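The file target.cif comes next; it holds mmCIF, C-alpha atoms.
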```cif
data_upload
loop_
_atom_site.label_atom_id
_atom_site.label_comp_id
_atom_site.auth_asym_id
_atom_site.auth_seq_id
_atom_site.Cartn_x
_atom_site.Cartn_y
_atom_site.Cartn_z
CA MET K 1 25.58 -1.09 -6.76
CA ASN K 2 23.68 -4.26 -7.58
CA LYS K 3 19.98 -4.22 -8.40
CA ILE K 4 18.20 -5.74 -5.42
CA ILE K 5 14.47 -6.40 -5.27
CA VAL K 6 12.95 -7.40 -1.97
CA ILE K 7 9.47 -8.86 -1.72
CA GLY K 8 7.46 -8.81 1.50
CA ARG K 9 4.30 -10.84 1.23
CA GLU K 10 1.22 -12.00 3.04
CA PHE K 11 0.97 -15.79 3.18
CA GLY K 12 -1.32 -16.91 0.35
CA SER K 13 -0.87 -13.77 -1.74
CA GLY K 14 1.37 -15.39 -4.37
CA GLY K 15 4.40 -13.28 -3.40
CA ARG K 16 6.82 -16.15 -3.80
CA GLU K 17 5.55 -17.01 -7.30
CA LEU K 18 5.69 -13.33 -8.18
CA GLY K 19 9.30 -13.05 -7.01
CA LYS K 20 10.36 -16.19 -8.86
CA ARG K 21 8.76 -15.10 -12.11
CA LEU K 22 10.17 -11.60 -11.76
CA ALA K 23 13.70 -12.95 -11.25
CA GLU K 24 13.28 -15.25 -14.27
CA MET K 25 12.02 -12.42 -16.47
CA MET K 26 14.83 -10.11 -15.36
CA GLY K 27 17.42 -12.88 -15.68
CA ILE K 28 18.70 -12.41 -12.11
CA ALA K 29 19.13 -14.63 -9.04
CA TYR K 30 16.24 -15.58 -6.77
CA TYR K 31 16.70 -16.33 -3.08
CA ASP K 32 14.06 -17.74 -0.80
CA LYS K 33 14.58 -21.13 0.83
CA GLU K 34 18.21 -20.97 -0.22
CA ILE K 35 18.69 -18.55 2.67
CA ILE K 36 17.47 -21.16 5.15
CA GLU K 37 19.94 -23.72 3.72
CA LYS K 38 22.78 -21.25 4.06
CA ILE K 39 21.85 -20.36 7.65
CA SER K 40 21.77 -24.06 8.42
CA ASP K 41 25.24 -24.54 6.89
CA LYS K 42 26.66 -21.55 8.73
CA SER K 43 25.12 -22.20 12.15
CA GLY K 44 25.12 -25.99 12.15
CA MET K 45 21.41 -25.98 13.02
CA ALA K 46 19.05 -28.24 11.06
CA GLU K 47 17.17 -26.54 8.19
CA GLU K 48 13.78 -27.47 9.66
CA TYR K 49 14.74 -25.98 13.01
CA VAL K 50 15.91 -22.74 11.38
CA ASN K 51 12.71 -22.55 9.35
CA ASN K 52 10.58 -23.17 12.42
CA ILE K 53 12.31 -20.38 14.30
CA ILE K 54 11.82 -17.93 11.43
CA GLU K 55 8.33 -18.84 10.28
CA LYS K 56 6.61 -20.29 13.33
CA ASN K 57 8.31 -19.25 16.50
CA ILE K 58 9.26 -15.69 17.16
CA VAL K 59 11.30 -14.58 20.06
CA ASN K 60 11.89 -17.01 22.87
CA TYR K 61 12.96 -14.81 25.69
CA TYR K 62 14.74 -16.61 28.44
CA PRO K 63 13.23 -15.82 31.81
CA ILE K 64 15.12 -13.14 33.66
CA THR K 65 15.99 -15.63 36.41
CA VAL K 66 17.93 -17.74 33.93
CA CYS K 67 19.74 -14.94 32.13
CA CYS K 68 21.19 -12.34 34.38
CA SER K 69 22.86 -10.08 31.84
CA PHE K 70 22.08 -8.82 28.37
CA SER K 71 25.19 -10.47 26.95
CA MET K 72 24.07 -13.85 28.24
CA LEU K 73 20.59 -13.35 26.82
CA TYR K 74 22.12 -12.45 23.50
CA GLU K 75 24.41 -15.43 23.51
CA PHE K 76 21.78 -18.00 24.45
CA ASN K 77 18.98 -16.85 22.19
CA PRO K 78 18.75 -19.03 19.06
CA ASN K 79 16.43 -16.50 17.42
CA THR K 80 19.06 -13.80 17.61
CA THR K 81 21.78 -16.17 16.43
CA ILE K 82 19.66 -17.11 13.44
CA PHE K 83 18.77 -13.50 12.69
CA LEU K 84 22.43 -12.47 12.73
CA ALA K 85 23.43 -15.37 10.48
CA GLN K 86 20.58 -14.46 8.15
CA GLN K 87 21.70 -10.84 8.11
CA ASP K 88 25.25 -11.81 7.08
CA ILE K 89 24.01 -14.14 4.37
CA ILE K 90 21.56 -11.61 2.93
CA ARG K 91 24.33 -9.01 2.76
CA GLU K 92 26.66 -11.50 1.04
CA LEU K 93 23.97 -12.27 -1.54
CA ALA K 94 23.40 -8.55 -2.18
CA GLU K 95 27.13 -8.07 -2.69
CA TYR K 96 27.31 -11.04 -5.01
CA GLY K 97 25.00 -9.70 -7.75
CA ASP K 98 21.53 -8.54 -8.86
CA CYS K 99 18.81 -10.56 -7.18
CA VAL K 100 15.26 -10.96 -5.88
CA ILE K 101 15.03 -11.82 -2.18
CA ILE K 102 11.81 -13.03 -0.56
CA GLY K 103 10.95 -11.70 2.90
CA ARG K 104 13.22 -12.23 5.89
CA CYS K 105 13.48 -8.52 6.72
CA ALA K 106 15.79 -8.09 3.72
CA ASP K 107 14.30 -4.65 2.94
CA TYR K 108 15.53 -3.49 6.34
CA ILE K 109 18.80 -5.45 6.40
CA LEU K 110 19.75 -4.10 2.97
CA ARG K 111 18.49 -0.53 3.44
CA GLU K 112 21.93 0.88 2.59
CA TYR K 113 21.82 -0.95 -0.74
CA LYS K 114 18.61 0.93 -1.65
CA PRO K 115 16.63 -2.12 -2.75
CA PHE K 116 13.33 -1.83 -4.62
CA ASN K 117 10.78 -2.95 -2.04
CA ILE K 118 7.50 -4.56 -3.02
CA PHE K 119 4.71 -5.74 -0.73
CA VAL K 120 2.30 -8.34 -2.08
CA TYR K 121 -1.11 -8.82 -0.46
CA ALA K 122 -4.56 -10.20 -1.23
CA ASP K 123 -8.02 -10.45 0.27
CA GLU K 124 -8.87 -13.43 2.46
CA ALA K 125 -10.87 -15.34 -0.16
CA SER K 126 -8.01 -15.13 -2.66
CA ARG K 127 -5.49 -16.21 -0.06
CA ILE K 128 -7.59 -19.24 0.84
CA ASN K 129 -7.99 -20.15 -2.85
CA ARG K 130 -4.27 -19.88 -3.54
CA CYS K 131 -3.38 -22.01 -0.53
CA ARG K 132 -5.90 -24.65 -1.56
CA GLU K 133 -4.54 -24.77 -5.11
CA ARG K 134 -1.01 -25.46 -3.97
CA ALA K 135 -1.84 -27.71 -1.00
CA PRO K 136 -0.72 -31.36 -1.06
CA GLN K 137 -3.43 -33.71 -2.37
CA ASP K 138 -3.76 -35.46 0.97
CA GLU K 139 -4.45 -32.24 2.86
CA HIS K 140 -8.14 -31.78 3.54
CA LEU K 141 -8.55 -28.63 5.59
CA THR K 142 -11.86 -26.82 5.83
CA ASP K 143 -12.02 -23.15 4.87
CA ALA K 144 -12.16 -22.26 8.56
CA GLN K 145 -9.03 -24.31 9.33
CA LEU K 146 -7.17 -22.84 6.37
CA LYS K 147 -8.22 -19.32 7.36
CA LYS K 148 -6.89 -19.90 10.87
CA GLN K 149 -3.61 -21.32 9.55
CA ILE K 150 -3.07 -18.38 7.17
CA ALA K 151 -3.86 -15.84 9.90
CA LEU K 152 -1.37 -17.51 12.26
CA ILE K 153 1.46 -17.51 9.70
CA ASN K 154 0.81 -13.86 8.85
CA LYS K 155 0.70 -12.97 12.54
CA ASN K 156 4.10 -14.61 13.00
CA ARG K 157 5.55 -12.83 9.98
CA ARG K 158 4.30 -9.53 11.31
CA LYS K 159 5.77 -10.13 14.78
CA TYR K 160 9.10 -11.31 13.40
CA TYR K 161 9.42 -8.33 11.05
CA GLU K 162 8.34 -5.77 13.61
CA TYR K 163 10.61 -7.16 16.31
CA TYR K 164 13.74 -7.03 14.17
CA THR K 165 13.10 -3.89 12.14
CA GLY K 166 11.03 -1.65 14.44
CA GLN K 167 8.89 -0.92 11.36
CA LYS K 168 5.28 -1.83 10.68
CA TRP K 169 4.94 -4.88 8.46
CA GLY K 170 3.02 -4.14 5.28
CA ALA K 171 2.80 -0.36 5.93
CA LYS K 172 2.87 1.11 2.42
CA GLU K 173 5.34 3.83 3.44
CA ASN K 174 8.07 1.17 3.70
CA TYR K 175 7.59 -0.03 0.12
CA HIS K 176 7.94 1.41 -3.36
CA LEU K 177 4.99 -0.57 -4.61
CA CYS K 178 2.16 -2.51 -2.96
CA VAL K 179 0.40 -5.00 -5.21
CA ASN K 180 -3.00 -6.51 -4.50
CA THR K 181 -3.11 -9.92 -6.18
CA SER K 182 -6.78 -10.68 -5.36
CA ASN K 183 -8.42 -12.39 -8.35
CA ARG K 184 -5.34 -11.82 -10.50
CA GLU K 185 -3.00 -14.21 -12.27
CA ILE K 186 0.51 -13.57 -10.97
CA GLN K 187 1.93 -14.18 -14.43
CA GLU K 188 -0.02 -11.23 -15.85
CA LEU K 189 1.30 -8.81 -13.21
CA VAL K 190 5.01 -9.48 -13.60
CA PRO K 191 5.78 -7.42 -16.75
CA ALA K 192 4.02 -4.39 -15.23
CA ILE K 193 6.01 -4.74 -11.98
CA MET K 194 9.21 -4.90 -14.01
CA GLY K 195 8.25 -1.57 -15.52
CA PHE K 196 8.38 0.08 -12.09
CA ILE K 197 11.86 -1.04 -11.17
CA LYS K 198 14.46 1.63 -11.84
CA MET D 1 -19.31 -2.10 -18.04
CA ASN D 2 -17.06 0.90 -18.59
CA LYS D 3 -13.41 0.89 -17.54
CA ILE D 4 -13.15 3.18 -14.53
CA ILE D 5 -9.89 4.08 -12.81
CA VAL D 6 -10.06 5.93 -9.52
CA ILE D 7 -7.01 7.61 -8.02
CA GLY D 8 -6.75 8.43 -4.33
CA ARG D 9 -3.73 10.54 -3.55
CA GLU D 10 -1.79 12.30 -0.85
CA PHE D 11 -1.41 16.01 -1.50
CA GLY D 12 2.00 16.57 -3.10
CA SER D 13 2.39 12.99 -4.34
CA GLY D 14 1.76 13.81 -8.00
CA GLY D 15 -1.49 11.80 -8.10
CA ARG D 16 -3.26 14.34 -10.28
CA GLU D 17 -0.46 14.42 -12.87
CA LEU D 18 -0.39 10.64 -12.80
CA GLY D 19 -4.13 10.44 -13.44
CA LYS D 20 -4.00 12.96 -16.25
CA ARG D 21 -1.12 11.23 -18.00
CA LEU D 22 -2.75 7.83 -17.53
CA ALA D 23 -6.02 9.07 -19.08
CA GLU D 24 -4.10 10.58 -22.00
CA MET D 25 -2.11 7.41 -22.60
CA MET D 26 -5.25 5.27 -22.43
CA GLY D 27 -7.19 7.73 -24.55
CA ILE D 28 -10.03 8.03 -22.06
CA ALA D 29 -11.72 10.87 -20.17
CA TYR D 30 -10.20 12.52 -17.10
CA TYR D 31 -12.30 14.09 -14.34
CA ASP D 32 -10.95 16.15 -11.51
CA LYS D 33 -11.96 19.79 -11.14
CA GLU D 34 -14.69 19.19 -13.72
CA ILE D 35 -16.61 17.49 -10.91
CA ILE D 36 -16.55 20.68 -8.85
CA GLU D 37 -17.88 22.68 -11.83
CA LYS D 38 -20.70 20.20 -12.30
CA ILE D 39 -21.61 20.24 -8.59
CA SER D 40 -21.68 24.01 -8.77
CA ASP D 41 -24.00 23.92 -11.81
CA LYS D 42 -26.28 21.36 -10.21
CA SER D 43 -26.51 22.91 -6.75
CA GLY D 44 -26.28 26.58 -7.64
CA MET D 45 -23.41 26.98 -5.13
CA ALA D 46 -20.27 28.83 -6.22
CA GLU D 47 -17.36 26.64 -7.39
CA GLU D 48 -15.03 28.08 -4.78
CA TYR D 49 -17.54 27.37 -2.01
CA VAL D 50 -17.99 23.79 -3.19
CA ASN D 51 -14.22 23.31 -3.37
CA ASN D 52 -13.75 24.76 0.09
CA ILE D 53 -16.32 22.41 1.55
CA ILE D 54 -14.70 19.39 -0.08
CA GLU D 55 -11.02 20.22 0.35
CA LYS D 56 -10.85 22.46 3.40
CA ASN D 57 -13.90 22.10 5.54
CA ILE D 58 -15.25 18.77 6.50
CA VAL D 59 -18.49 18.24 8.24
CA ASN D 60 -20.18 21.21 9.82
CA TYR D 61 -22.53 19.62 12.27
CA TYR D 62 -25.29 21.88 13.43
CA PRO D 63 -25.55 21.92 17.21
CA ILE D 64 -28.25 19.66 18.50
CA THR D 65 -30.13 22.68 19.92
CA VAL D 66 -30.54 24.05 16.39
CA CYS D 67 -31.45 20.84 14.59
CA CYS D 68 -33.97 18.73 16.39
CA SER D 69 -34.40 15.88 13.94
CA PHE D 70 -32.13 13.92 11.62
CA SER D 71 -34.14 15.06 8.59
CA MET D 72 -33.53 18.70 9.46
CA LEU D 73 -29.83 18.06 9.99
CA TYR D 74 -29.69 16.33 6.63
CA GLU D 75 -31.54 19.12 4.87
CA PHE D 76 -29.54 21.97 6.34
CA ASN D 77 -26.08 20.49 6.00
CA PRO D 78 -24.29 21.86 2.89
CA ASN D 79 -21.64 19.15 3.19
CA THR D 80 -24.22 16.42 2.76
CA THR D 81 -25.92 18.28 -0.10
CA ILE D 82 -22.59 18.59 -1.87
CA PHE D 83 -21.67 14.98 -1.22
CA LEU D 84 -24.98 13.78 -2.66
CA ALA D 85 -24.63 15.98 -5.75
CA GLN D 86 -21.07 14.71 -6.16
CA GLN D 87 -22.28 11.13 -5.87
CA ASP D 88 -24.87 11.63 -8.64
CA ILE D 89 -22.36 13.30 -10.93
CA ILE D 90 -19.68 10.66 -10.39
CA ARG D 91 -22.22 7.93 -11.22
CA GLU D 92 -23.30 9.79 -14.37
CA LEU D 93 -19.67 10.09 -15.48
CA ALA D 94 -19.08 6.38 -14.86
CA GLU D 95 -22.17 5.54 -16.94
CA TYR D 96 -21.05 7.86 -19.71
CA GLY D 97 -17.81 6.08 -20.63
CA ASP D 98 -14.31 4.88 -19.70
CA CYS D 99 -12.57 7.40 -17.46
CA VAL D 100 -10.03 8.30 -14.78
CA ILE D 101 -11.52 10.03 -11.72
CA ILE D 102 -9.38 11.78 -9.13
CA GLY D 103 -10.32 11.37 -5.46
CA ARG D 104 -13.71 12.47 -4.11
CA CYS D 105 -14.54 9.04 -2.64
CA ALA D 106 -15.19 7.78 -6.18
CA ASP D 107 -13.72 4.36 -5.33
CA TYR D 108 -16.46 3.95 -2.73
CA ILE D 109 -19.25 5.67 -4.68
CA LEU D 110 -18.56 3.49 -7.73
CA ARG D 111 -17.88 0.22 -5.89
CA GLU D 112 -20.60 -1.56 -7.88
CA TYR D 113 -18.83 -0.57 -11.09
CA LYS D 114 -15.70 -2.41 -9.92
CA PRO D 115 -13.24 0.41 -10.66
CA PHE D 116 -9.49 -0.12 -10.64
CA ASN D 117 -8.37 1.72 -7.50
CA ILE D 118 -4.93 3.25 -7.18
CA PHE D 119 -3.48 5.10 -4.20
CA VAL D 120 -0.55 7.45 -4.84
CA TYR D 121 1.72 8.50 -1.97
CA ALA D 122 5.19 9.87 -1.32
CA ASP D 123 7.55 10.68 1.52
CA GLU D 124 7.45 14.13 3.08
CA ALA D 125 10.56 15.50 1.34
CA SER D 126 9.21 14.52 -2.09
CA ARG D 127 5.81 16.04 -1.32
CA ILE D 128 7.44 19.32 -0.28
CA ASN D 129 9.59 19.34 -3.44
CA ARG D 130 6.63 18.69 -5.71
CA CYS D 131 4.54 21.42 -4.07
CA ARG D 132 7.40 23.88 -4.39
CA GLU D 133 7.90 23.09 -8.08
CA ARG D 134 4.27 23.80 -8.93
CA ALA D 135 3.76 26.77 -6.56
CA PRO D 136 3.03 30.24 -8.01
CA GLN D 137 6.19 32.35 -8.40
CA ASP D 138 5.00 34.88 -5.80
CA GLU D 139 4.53 32.22 -3.11
CA HIS D 140 7.43 32.18 -0.67
CA LEU D 141 6.62 29.61 1.99
CA THR D 142 9.32 28.11 4.18
CA ASP D 143 9.68 24.34 4.31
CA ALA D 144 8.02 24.35 7.74
CA GLN D 145 5.02 26.32 6.43
CA LEU D 146 4.69 24.08 3.38
CA LYS D 147 4.94 20.98 5.54
CA LYS D 148 2.14 22.29 7.77
CA GLN D 149 -0.04 23.14 4.77
CA ILE D 150 0.44 19.71 3.18
CA ALA D 151 -0.30 17.96 6.48
CA LEU D 152 -3.51 19.97 6.91
CA ILE D 153 -4.80 19.19 3.41
CA ASN D 154 -4.04 15.50 3.86
CA LYS D 155 -5.74 15.50 7.25
CA ASN D 156 -8.85 17.00 5.66
CA ARG D 157 -8.81 14.47 2.82
CA ARG D 158 -8.53 11.67 5.33
CA LYS D 159 -11.41 12.98 7.46
CA TYR D 160 -13.64 13.60 4.43
CA TYR D 161 -12.99 10.13 2.99
CA GLU D 162 -13.39 8.33 6.28
CA TYR D 163 -16.59 10.18 7.19
CA TYR D 164 -18.35 9.35 3.92
CA THR D 165 -17.00 5.87 3.25
CA GLY D 166 -16.39 4.37 6.69
CA GLN D 167 -13.12 3.07 5.24
CA LYS D 168 -9.57 3.98 6.15
CA TRP D 169 -8.04 6.46 3.70
CA GLY D 170 -4.89 5.09 2.08
CA ALA D 171 -5.24 1.60 3.64
CA LYS D 172 -3.75 -0.66 0.98
CA GLU D 173 -6.56 -3.21 1.34
CA ASN D 174 -8.94 -0.74 -0.37
CA TYR D 175 -6.76 -0.39 -3.48
CA HIS D 176 -5.52 -2.65 -6.25
CA LEU D 177 -2.20 -0.85 -6.40
CA CYS D 178 -0.37 1.59 -4.13
CA VAL D 179 2.38 3.57 -5.82
CA ASN D 180 5.12 5.42 -3.97
CA THR D 181 6.22 8.33 -6.15
CA SER D 182 9.12 9.48 -3.92
CA ASN D 183 12.07 10.54 -6.08
CA ARG D 184 10.34 9.30 -9.22
CA GLU D 185 9.25 11.04 -12.40
CA ILE D 186 5.50 10.51 -12.78
CA GLN D 187 5.91 10.20 -16.54
CA GLU D 188 8.12 7.13 -16.13
CA LEU D 189 5.58 5.33 -13.94
CA VAL D 190 2.52 5.66 -16.16
CA PRO D 191 3.22 2.89 -18.72
CA ALA D 192 3.85 0.41 -15.88
CA ILE D 193 0.60 1.40 -14.15
CA MET D 194 -1.25 0.87 -17.41
CA GLY D 195 0.11 -2.65 -17.45
CA PHE D 196 -1.71 -3.44 -14.21
CA ILE D 197 -5.14 -2.35 -15.33
CA LYS D 198 -7.27 -5.25 -16.46
#
```

Take the structure in the file and write it out as structure tokens.
Amino acid sequence: MNKIIVIGREFGSGGRELGKRLAEMMGIAYYDKEIIEKISDKSGMAEEYVNNIIEKNIVNYYPITVCCSFSMLYEFNPNTTIFLAQQDIIRELAEYGDCVIIGRCADYILREYKPFNIFVYADEASRINRCRERAPQDEHLTDAQLKKQIALINKNRRKYYEYYTGQKWGAKENYHLCVNTSNREIQELVPAIMGFIK
Amino acid sequence: MNKIIVIGREFGSGGRELGKRLAEMMGIAYYDKEIIEKISDKSGMAEEYVNNIIEKNIVNYYPITVCCSFSMLYEFNPNTTIFLAQQDIIRELAEYGDCVIIGRCADYILREYKPFNIFVYADEASRINRCRERAPQDEHLTDAQLKKQIALINKNRRKYYEYYTGQKWGAKENYHLCVNTSNREIQELVPAIMGFIK
């Protein structure tokens, strides 16, 4: 069975950087936005639309007056369509070879593959600092605006994960390792994390 | 400032073994039951009594009809006396030199010393297995009995920690690293944990 590492992460915690560096150090594939591209190819939906559904919107239920049966609801719901496409793609990637996958409920989708699950988190000040460091030069958000934006993205991630997995997002019981990146350089943490992976 | 590592742990997760091995590998002091001995010396209470108060009993409030003022409650409560003695001893140990301290709210007591806080946990099956491996030969508990015993000890740890710190026991936000030891050999994990400690 391939070696699969799945990284759940709070927005602003450096989880993506951590995953990328870990994959580089281990010499294995890294999948993050590539999954969005593949969903777009498979479903014919634009990448931005797919990303918006996954990261910003959650579950657009159709009102009961529009959809009269479960099968219709299922068929018409773009969230479910995207989730199912995502599920197929994530399984294909896991079959293909060793890899690091960022978020997207991959810990749950791949549970039969026994992935090594990591959750990356940080305190609010560190999350704000990280977001500011990587923000485009023309973005001038106040700390309060940034704080609100981070909280909203994390709220959406939580809702998305909990809706599709029935598990609590970020609950340590669902992970092999939970890493607090507050005031830490991601680069420093990667060799130690590698040491945990069986 | 001395290097202090504090380990919170679920009963049966191997947290004590982890702490001991970590201290050995780092070549620093290890404090666990030594704290109980010191509290006993300082307070004149028997070691077993002190241990029972900390691990089994929690907070014996005196009924309001017996204690009429907060100062009396404070004075008469052996739990508070023990907690205060424990607090002094833990601070003395932290002043004395680099060390690993197991449990006893040391993460909270030493917060000004900026310790590296680790929480060690495991799934129920692994906790039962670990307890069975280290049980005395003449102990013949069923899985159900062991499960009940483990749950009770963890409940008491949670209540003790939450009463004295006002923080949630085992909430990942209070720790730098949370390590799931399910189906893992503690020995294998220690070098990786060392890699995290600044």

Next on the checklist: So the first atom is CA of Arg158 (chain K) and the second is CA of Ile7 (chain K); what is the distance between them in Å, to one decimal place?
Outcome noted: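 So the two atoms, CA of Arg158 (chain K) and CA of Ile7 (chain K), lie 14.0 Å apart.
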
Checklist entry - Nearest to chain K: which of D:Tyr161, D:Tyr175, D:Phe11, D:Phe83 is it, counting all atoms listed in the file? => result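 Of the candidates, the smallest distance to chain K is held by D:Tyr175.
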
Next on the checklist: Take the PyMOL selection byres ((chain K and resi 127-140) around 12), run it mentally on this structure, and tell me the resulting residues as an MDAnalysis selection string.
Outcome noted: chainID K and resid 9:17 120:126 141:151 154 180:186

Checklist entry - Would you list which chain D residues are within 6 Å of chain K using all atoms listed in the file, as a list in words? => result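 Written out as asked, the residues are His176, Leu177, Cys178, Val179, Asn180, Ala192, Gly195 and Phe196 of chain D.
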
Item to check | Distance of CA of Pro115 (chain D) from CA of Met25 (chain D), expressed in Å to one decimal place | outcome: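 For CA of Met25 (chain D) relative to CA of Pro115 (chain D), the distance reads 17.8 Å.
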
Checklist entry - Interatomic distance between CA of Thr165 (chain K) and CA of Lys3 (chain K)? => result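 CA of Lys3 (chain K) lies 21.7 Å from CA of Thr165 (chain K).
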
Item to check | the PyMOL selection byres ((chain K and resi 102) around 7) applied to the shown file, residues as a ChimeraX atom specification | outcome: /K:6-8,16,19,31-32,100-101,103-104

Next on the checklist: I want to know what sits within 10 Å of Lys42 (chain D), based on only C-alpha atoms, with residues of the same chain fewer than 6 positions away left out; could you give that as a list in words?
Outcome noted: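 Here the answer would be Ile36, Ile82, Ala85, Gln86, Asp88 and Ile89 of chain D.
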
Next on the checklist: To test your reading of the syntax: which residues would the PyMOL selection byres ((chain K and resi 93) around 12) return for the file shown? Reply as a PyMOL selection string.
Outcome noted: chain K and resi 2-5+28-32+34-35+38+86-92+94-101+106+109-110+113

Item to check | Counting only C-alpha atoms, the option among K:Gly27, K:Arg21, K:Glu55, K:Tyr108 closest to Lys168 (chain K) | outcome: K:Tyr108
